[in-house]
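What follows is a short report on a single structure.
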Amino acid sequence: MRRLPPQKVEQNLADLVDLAPHLTDDLVSGIDTPLRTQRCPKTGRDYLLSDYNRDGDSYRSPWSNEFDPPIADSNLVPNPKLRKIEIAANDAFDTYRELYFEGGVSSVYMWELEDQFAAAVMIKKVNDETAKVKGSWDSIHVFEVHDKGRSAHYKLTSTIMLYMVTSNQKLGSMNLSGSLTRQAEQDFPIDDANSHVANIGRMVEDMEIKMRNGLHEIYFGKTKDISNDLRSVNSLADAKKQAMIQAELVGKLMERHR
């Protein structure tokens, strides 16, 4: 699935579920799909939908902490202490998203685990429909945080899905898409609960820079190398002339060594 275009993941996932319905839970939980957005009816702000804020058919807004459609009781609502960290993280990553991506939507969700907690940081940026190149960036960063008292251990799993589509008469059609998953673990000191926000933010920033550079090298660099091998900037006549000169030089060098 990771080698298939991200914009077709949902359709491919649906086809797999139809073929193997007994594996539905494993497929849905194990395959990352492009993020979808929804507007919070209480605050009017957009947020991202995922399994990390879903309870049945309802999704929890990180801005209002309420489910839409409303549900009576849910175990996915964080406790007051964790909710305070979640609010601070959403405000921090809203600024991060605006500075790095100049638009898009971000959401942070946190939930309790046994003697620790987990967090999901998600960012989505879609190119404007009027842009010459259409594309989308989806990044999902999932943390497991183990509090050790004066320090905490952070285990991060990051997935980035990227696709770019362009089409014009001169260049033709081109679809550049793919996904990348990386993991990292690190320990950081903590002074108070807000230290988690700074530590998570530092790891997300470092990971996104590394993965962005990796995507640039893997997809853009390889595509450029292939294009340069397939297409010559010089004309065919110049190429033949250069080949003749090379053959003549080789011949003279061979005669000199006889």
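Order determines the names: the first chain of the structure tokens is A, the second B, and so forth; residues in each chain are numbered 1 upward, and ligands are numbered 1 upward as they are shown.
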
Pull the alpha helix (DSSP H) assignments for segment 42-202 of chain A out of DSSP run on the backbone, and list those residues as a PDB file with N, CA and C atoms, in the first residue's frame.
```pdb
ATOM      1  N   PRO A  80      -8.717  16.240  32.721  1.00  0.00           N
ATOM      2  CA  PRO A  80      -8.459  17.692  32.746  1.00  0.00           C
ATOM      3  C   PRO A  80      -6.978  18.062  32.625  1.00  0.00           C
ATOM      4  N   LYS A  81      -6.086  17.300  33.280  1.00  0.00           N
ATOM      5  CA  LYS A  81      -4.655  17.607  33.206  1.00  0.00           C
ATOM      6  C   LYS A  81      -4.129  17.408  31.794  1.00  0.00           C
ATOM      7  N   LEU A  82      -4.518  16.298  31.161  1.00  0.00           N
ATOM      8  CA  LEU A  82      -4.058  16.015  29.805  1.00  0.00           C
ATOM      9  C   LEU A  82      -4.712  16.956  28.801  1.00  0.00           C
ATOM     10  N   ARG A  83      -5.958  17.325  29.058  1.00  0.00           N
ATOM     11  CA  ARG A  83      -6.646  18.264  28.161  1.00  0.00           C
ATOM     12  C   ARG A  83      -5.957  19.627  28.165  1.00  0.00           C
ATOM     13  N   LYS A  84      -5.429  20.035  29.303  1.00  0.00           N
ATOM     14  CA  LYS A  84      -4.703  21.306  29.381  1.00  0.00           C
ATOM     15  C   LYS A  84      -3.460  21.280  28.497  1.00  0.00           C
ATOM     16  N   ILE A  85      -2.734  20.135  28.504  1.00  0.00           N
ATOM     17  CA  ILE A  85      -1.560  19.993  27.630  1.00  0.00           C
ATOM     18  C   ILE A  85      -1.989  19.966  26.172  1.00  0.00           C
ATOM     19  N   GLU A  86      -3.120  19.307  25.894  1.00  0.00           N
ATOM     20  CA  GLU A  86      -3.624  19.218  24.521  1.00  0.00           C
ATOM     21  C   GLU A  86      -3.977  20.593  23.967  1.00  0.00           C
ATOM     22  N   ILE A  87      -4.588  21.428  24.771  1.00  0.00           N
ATOM     23  CA  ILE A  87      -4.939  22.793  24.331  1.00  0.00           C
ATOM     24  C   ILE A  87      -3.677  23.576  23.999  1.00  0.00           C
ATOM     25  N   ALA A  88      -2.659  23.493  24.883  1.00  0.00           N
ATOM     26  CA  ALA A  88      -1.406  24.214  24.646  1.00  0.00           C
ATOM     27  C   ALA A  88      -0.718  23.689  23.385  1.00  0.00           C
ATOM     28  N   ALA A  89      -0.767  22.374  23.153  1.00  0.00           N
ATOM     29  CA  ALA A  89      -0.135  21.788  21.972  1.00  0.00           C
ATOM     30  C   ALA A  89      -0.840  22.226  20.696  1.00  0.00           C
ATOM     31  N   ASN A  90      -2.156  22.298  20.708  1.00  0.00           N
ATOM     32  CA  ASN A  90      -2.889  22.741  19.523  1.00  0.00           C
ATOM     33  C   ASN A  90      -2.569  24.194  19.187  1.00  0.00           C
ATOM     34  N   ASP A  91      -2.457  25.036  20.199  1.00  0.00           N
ATOM     35  CA  ASP A  91      -2.088  26.436  19.948  1.00  0.00           C
ATOM     36  C   ASP A  91      -0.669  26.534  19.397  1.00  0.00           C
ATOM     37  N   ALA A  92       0.251  25.724  19.936  1.00  0.00           N
ATOM     38  CA  ALA A  92       1.649  25.764  19.487  1.00  0.00           C
ATOM     39  C   ALA A  92       1.772  25.277  18.041  1.00  0.00           C
ATOM     40  N   PHE A  93       1.130  24.179  17.716  1.00  0.00           N
ATOM     41  CA  PHE A  93       1.251  23.635  16.361  1.00  0.00           C
ATOM     42  C   PHE A  93       0.423  24.424  15.349  1.00  0.00           C
ATOM     43  N   ASP A  94      -0.564  25.165  15.801  1.00  0.00           N
ATOM     44  CA  ASP A  94      -1.272  26.069  14.895  1.00  0.00           C
ATOM     45  C   ASP A  94      -0.320  27.168  14.418  1.00  0.00           C
ATOM     46  N   THR A  95       0.534  27.668  15.323  1.00  0.00           N
ATOM     47  CA  THR A  95       1.559  28.654  14.954  1.00  0.00           C
ATOM     48  C   THR A  95       2.637  28.016  14.083  1.00  0.00           C
ATOM     49  N   TYR A  96       3.078  26.819  14.450  1.00  0.00           N
ATOM     50  CA  TYR A  96       4.088  26.078  13.672  1.00  0.00           C
ATOM     51  C   TYR A  96       3.606  25.868  12.234  1.00  0.00           C
ATOM     52  N   ARG A  97       2.351  25.430  12.078  1.00  0.00           N
ATOM     53  CA  ARG A  97       1.791  25.186  10.750  1.00  0.00           C
ATOM     54  C   ARG A  97       1.766  26.452   9.916  1.00  0.00           C
ATOM     55  N   GLU A  98       1.400  27.560  10.523  1.00  0.00           N
ATOM     56  CA  GLU A  98       1.311  28.814   9.774  1.00  0.00           C
ATOM     57  C   GLU A  98       2.693  29.294   9.354  1.00  0.00           C
ATOM     58  N   LEU A  99       3.693  29.098  10.200  1.00  0.00           N
ATOM     59  CA  LEU A  99       5.049  29.549   9.882  1.00  0.00           C
ATOM     60  C   LEU A  99       5.705  28.683   8.817  1.00  0.00           C
ATOM     61  N   TYR A 100       5.525  27.372   8.896  1.00  0.00           N
ATOM     62  CA  TYR A 100       6.197  26.453   7.981  1.00  0.00           C
ATOM     63  C   TYR A 100       5.411  26.210   6.689  1.00  0.00           C
ATOM     64  N   PHE A 101       4.090  26.136   6.789  1.00  0.00           N
ATOM     65  CA  PHE A 101       3.275  25.747   5.648  1.00  0.00           C
ATOM     66  C   PHE A 101       2.458  26.894   5.058  1.00  0.00           C
ATOM     67  N   SER A 195       6.302  21.298  29.570  1.00  0.00           N
ATOM     68  CA  SER A 195       7.551  20.867  28.945  1.00  0.00           C
ATOM     69  C   SER A 195       7.300  19.813  27.868  1.00  0.00           C
ATOM     70  N   HIS A 196       6.218  19.037  28.021  1.00  0.00           N
ATOM     71  CA  HIS A 196       5.886  18.023  27.020  1.00  0.00           C
ATOM     72  C   HIS A 196       5.602  18.670  25.663  1.00  0.00           C
ATOM     73  N   VAL A 197       4.956  19.820  25.678  1.00  0.00           N
ATOM     74  CA  VAL A 197       4.630  20.513  24.424  1.00  0.00           C
ATOM     75  C   VAL A 197       5.905  20.920  23.702  1.00  0.00           C
ATOM     76  N   ALA A 198       6.865  21.484  24.435  1.00  0.00           N
ATOM     77  CA  ALA A 198       8.125  21.906  23.830  1.00  0.00           C
ATOM     78  C   ALA A 198       8.922  20.707  23.317  1.00  0.00           C
ATOM     79  N   ASN A 199       8.947  19.621  24.085  1.00  0.00           N
ATOM     80  CA  ASN A 199       9.704  18.440  23.671  1.00  0.00           C
ATOM     81  C   ASN A 199       9.097  17.771  22.444  1.00  0.00           C
ATOM     82  N   ILE A 200       7.774  17.653  22.437  1.00  0.00           N
ATOM     83  CA  ILE A 200       7.088  17.076  21.277  1.00  0.00           C
ATOM     84  C   ILE A 200       7.285  17.953  20.050  1.00  0.00           C
ATOM     85  N   GLY A 201       7.195  19.260  20.240  1.00  0.00           N
ATOM     86  CA  GLY A 201       7.393  20.187  19.126  1.00  0.00           C
ATOM     87  C   GLY A 201       8.782  20.102  18.541  1.00  0.00           C
ATOM     88  N   ARG A 202       9.794  19.958  19.399  1.00  0.00           N
ATOM     89  CA  ARG A 202      11.177  19.854  18.929  1.00  0.00           C
ATOM     90  C   ARG A 202      11.365  18.583  18.095  1.00  0.00           C
TER      91      ARG A 202
END
```

Fill in: Contacts of Arg150 of chain A at 10 Å (only C-alpha atoms; same-chain gap of 5+ positions) as an MDAnalysis selection string
chainID A and resid 188:192

Pick out the residues sitting within 10 Å of segment 159-170 of chain A, and hand them over as a JSON list (two decimals) with N, CA and C atoms, in the first residue's frame; count only C-alpha atoms, and ignore anything fewer than 3 positions along from it in its own chain.
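Here's the written file around_22.json:
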```json
[["chain", "number", "residue", "atom", "x", "y", "z"],
["A", 2, "ARG", "N", 2.04, 1.19, 0.64],
["A", 2, "ARG", "CA", 2.89, 2.37, 0.71],
["A", 2, "ARG", "C", 3.48, 2.74, -0.64],
["A", 5, "PRO", "N", -0.18, 5.31, -5.03],
["A", 5, "PRO", "CA", -0.42, 6.75, -4.88],
["A", 5, "PRO", "C", -1.27, 7.06, -3.65],
["A", 6, "PRO", "N", -0.84, 8.02, -2.81],
["A", 6, "PRO", "CA", -1.60, 8.35, -1.59],
["A", 6, "PRO", "C", -3.03, 8.79, -1.87],
["A", 7, "GLN", "N", -3.26, 9.48, -3.01],
["A", 7, "GLN", "CA", -4.60, 9.96, -3.29],
["A", 7, "GLN", "C", -5.58, 8.84, -3.61],
["A", 32, "ASP", "N", -2.28, 3.95, 6.87],
["A", 32, "ASP", "CA", -2.52, 5.39, 6.98],
["A", 32, "ASP", "C", -3.20, 5.90, 5.71],
["A", 33, "THR", "N", -4.25, 6.67, 5.89],
["A", 33, "THR", "CA", -4.97, 7.25, 4.76],
["A", 33, "THR", "C", -4.85, 8.77, 4.82],
["A", 34, "PRO", "N", -4.96, 9.46, 3.68],
["A", 34, "PRO", "CA", -4.91, 10.93, 3.69],
["A", 34, "PRO", "C", -5.94, 11.52, 4.65],
["A", 35, "LEU", "N", -5.55, 12.55, 5.35],
["A", 35, "LEU", "CA", -6.40, 13.16, 6.37],
["A", 35, "LEU", "C", -7.57, 13.91, 5.74],
["A", 122, "MET", "N", -1.00, 16.07, 13.76],
["A", 122, "MET", "CA", -1.32, 15.91, 12.33],
["A", 122, "MET", "C", -1.38, 17.26, 11.64],
["A", 123, "ILE", "N", -0.84, 17.31, 10.43],
["A", 123, "ILE", "CA", -0.83, 18.54, 9.64],
["A", 123, "ILE", "C", -1.21, 18.19, 8.20],
["A", 124, "LYS", "N", -2.07, 18.98, 7.63],
["A", 124, "LYS", "CA", -2.48, 18.77, 6.23],
["A", 124, "LYS", "C", -2.43, 20.10, 5.49],
["A", 125, "LYS", "N", -1.79, 20.08, 4.32],
["A", 125, "LYS", "CA", -1.74, 21.27, 3.47],
["A", 125, "LYS", "C", -2.06, 20.85, 2.04],
["A", 126, "VAL", "N", -3.08, 21.48, 1.46],
["A", 126, "VAL", "CA", -3.49, 21.19, 0.09],
["A", 126, "VAL", "C", -3.25, 22.43, -0.75],
["A", 127, "ASN", "N", -2.66, 22.24, -1.93],
["A", 127, "ASN", "CA", -2.43, 23.37, -2.83],
["A", 127, "ASN", "C", -3.74, 24.01, -3.25],
["A", 131, "ALA", "N", -3.62, 26.85, -8.40],
["A", 131, "ALA", "CA", -2.18, 26.69, -8.58],
["A", 131, "ALA", "C", -1.88, 25.82, -9.80],
["A", 132, "LYS", "N", -0.72, 26.04, -10.41],
["A", 132, "LYS", "CA", -0.32, 25.26, -11.58],
["A", 132, "LYS", "C", -0.05, 23.81, -11.22],
["A", 133, "VAL", "N", 0.47, 23.58, -10.02],
["A", 133, "VAL", "CA", 0.76, 22.24, -9.56],
["A", 133, "VAL", "C", -0.18, 21.90, -8.40],
["A", 134, "LYS", "N", -0.99, 20.86, -8.57],
["A", 134, "LYS", "CA", -1.89, 20.43, -7.52],
["A", 134, "LYS", "C", -1.20, 19.38, -6.66],
["A", 135, "GLY", "N", -1.43, 19.45, -5.37],
["A", 135, "GLY", "CA", -0.78, 18.48, -4.50],
["A", 135, "GLY", "C", -1.28, 18.56, -3.08],
["A", 136, "SER", "N", -0.77, 17.65, -2.26],
["A", 136, "SER", "CA", -1.19, 17.59, -0.87],
["A", 136, "SER", "C", -0.05, 17.04, -0.02],
["A", 137, "TRP", "N", 0.06, 17.58, 1.19],
["A", 137, "TRP", "CA", 1.04, 17.12, 2.18],
["A", 137, "TRP", "C", 0.26, 16.69, 3.42],
["A", 138, "ASP", "N", 0.43, 15.44, 3.83],
["A", 138, "ASP", "CA", -0.20, 14.93, 5.05],
["A", 138, "ASP", "C", 0.88, 14.35, 5.94],
["A", 139, "SER", "N", 1.04, 14.89, 7.13],
["A", 139, "SER", "CA", 2.01, 14.36, 8.08],
["A", 139, "SER", "C", 1.29, 13.93, 9.35],
["A", 140, "ILE", "N", 1.64, 12.73, 9.81],
["A", 140, "ILE", "CA", 1.03, 12.14, 11.02],
["A", 140, "ILE", "C", 2.16, 11.72, 11.95],
["A", 141, "HIS", "N", 2.21, 12.31, 13.14],
["A", 141, "HIS", "CA", 3.25, 12.00, 14.12],
["A", 141, "HIS", "C", 2.58, 11.45, 15.38],
["A", 142, "VAL", "N", 2.87, 10.20, 15.69],
["A", 142, "VAL", "CA", 2.25, 9.53, 16.84],
["A", 142, "VAL", "C", 3.31, 9.32, 17.92],
["A", 173, "SER", "N", 1.69, 15.31, -18.74],
["A", 173, "SER", "CA", 1.18, 15.00, -17.40],
["A", 173, "SER", "C", 2.24, 14.32, -16.56],
["A", 174, "MET", "N", 2.25, 14.66, -15.28],
["A", 174, "MET", "CA", 3.22, 14.06, -14.36],
["A", 174, "MET", "C", 2.60, 13.93, -12.98],
["A", 175, "ASN", "N", 2.75, 12.75, -12.39],
["A", 175, "ASN", "CA", 2.22, 12.47, -11.05],
["A", 175, "ASN", "C", 3.37, 11.98, -10.18],
["A", 176, "LEU", "N", 3.73, 12.79, -9.21],
["A", 176, "LEU", "CA", 4.84, 12.46, -8.31],
["A", 176, "LEU", "C", 4.25, 12.27, -6.91],
["A", 177, "SER", "N", 4.23, 11.04, -6.43],
["A", 177, "SER", "CA", 3.59, 10.79, -5.14],
["A", 177, "SER", "C", 4.27, 9.63, -4.42],
["A", 178, "GLY", "N", 4.08, 9.59, -3.11],
["A", 178, "GLY", "CA", 4.65, 8.51, -2.31],
["A", 178, "GLY", "C", 4.48, 8.80, -0.83],
["A", 179, "SER", "N", 4.94, 7.88, -0.02],
["A", 179, "SER", "CA", 4.86, 8.04, 1.44],
["A", 179, "SER", "C", 6.16, 7.55, 2.08],
["A", 180, "LEU", "N", 6.40, 8.04, 3.28],
["A", 180, "LEU", "CA", 7.64, 7.74, 3.99],
["A", 180, "LEU", "C", 7.32, 7.62, 5.47],
["A", 181, "THR", "N", 7.87, 6.59, 6.12],
["A", 181, "THR", "CA", 7.65, 6.37, 7.55],
["A", 181, "THR", "C", 9.00, 6.23, 8.26],
["A", 182, "ARG", "N", 9.15, 6.94, 9.35],
["A", 182, "ARG", "CA", 10.38, 6.89, 10.14],
["A", 182, "ARG", "C", 10.04, 6.85, 11.64],
["A", 183, "GLN", "N", 10.98, 6.35, 12.45],
["A", 183, "GLN", "CA", 10.79, 6.28, 13.89],
["A", 183, "GLN", "C", 11.98, 6.91, 14.61],
["A", 207, "MET", "N", 12.08, 15.89, 12.90],
["A", 207, "MET", "CA", 11.70, 14.77, 12.05],
["A", 207, "MET", "C", 11.17, 15.25, 10.70],
["A", 208, "GLU", "N", 10.38, 16.31, 10.70],
["A", 208, "GLU", "CA", 9.83, 16.79, 9.43],
["A", 208, "GLU", "C", 10.93, 17.35, 8.53],
["A", 211, "MET", "N", 12.71, 14.25, 7.09],
["A", 211, "MET", "CA", 11.88, 13.53, 6.12],
["A", 211, "MET", "C", 11.64, 14.37, 4.87],
["A", 212, "ARG", "N", 11.54, 15.67, 5.05],
["A", 212, "ARG", "CA", 11.39, 16.55, 3.88],
["A", 212, "ARG", "C", 12.63, 16.48, 3.00],
["A", 215, "LEU", "N", 12.56, 13.09, 1.22],
["A", 215, "LEU", "CA", 11.62, 13.09, 0.10],
["A", 215, "LEU", "C", 12.19, 13.85, -1.09]]
```

For segment 90-128 of chain A versus segment 57-73 of chain A, which residues have an atom no more than 10 Å away, and what is each residue's nearest atom pair and distance in Å rounded to one decimal, using only C-alpha atoms, chain-then-number order, as JSON lines?
```
{"residue": "A:Asn90", "atom": "CA", "partner": "A:Pro62", "partner_atom": "CA", "distance": 7.4}
{"residue": "A:Asp91", "atom": "CA", "partner": "A:Trp63", "partner_atom": "CA", "distance": 9.4}
{"residue": "A:Ser106", "atom": "CA", "partner": "A:Pro62", "partner_atom": "CA", "distance": 9.8}
{"residue": "A:Ser107", "atom": "CA", "partner": "A:Pro62", "partner_atom": "CA", "distance": 6.7}
{"residue": "A:Val108", "atom": "CA", "partner": "A:Pro62", "partner_atom": "CA", "distance": 6.8}
{"residue": "A:Tyr109", "atom": "CA", "partner": "A:Pro62", "partner_atom": "CA", "distance": 6.7}
{"residue": "A:Met110", "atom": "CA", "partner": "A:Pro62", "partner_atom": "CA", "distance": 9.4}
```

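Interatomic distance, atom CA of Gly214 of chain A to atom CA of Ser158 of chain A: 13.1 Å.
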
Discussion item. As a PyMOL selection string, please: every residue in segment 98-244 of chain A that a backbone DSSP assignment puts in strand (DSSP E).
Written reply: chain A and resi 105-113+116-126+134-147+151-168+172-189
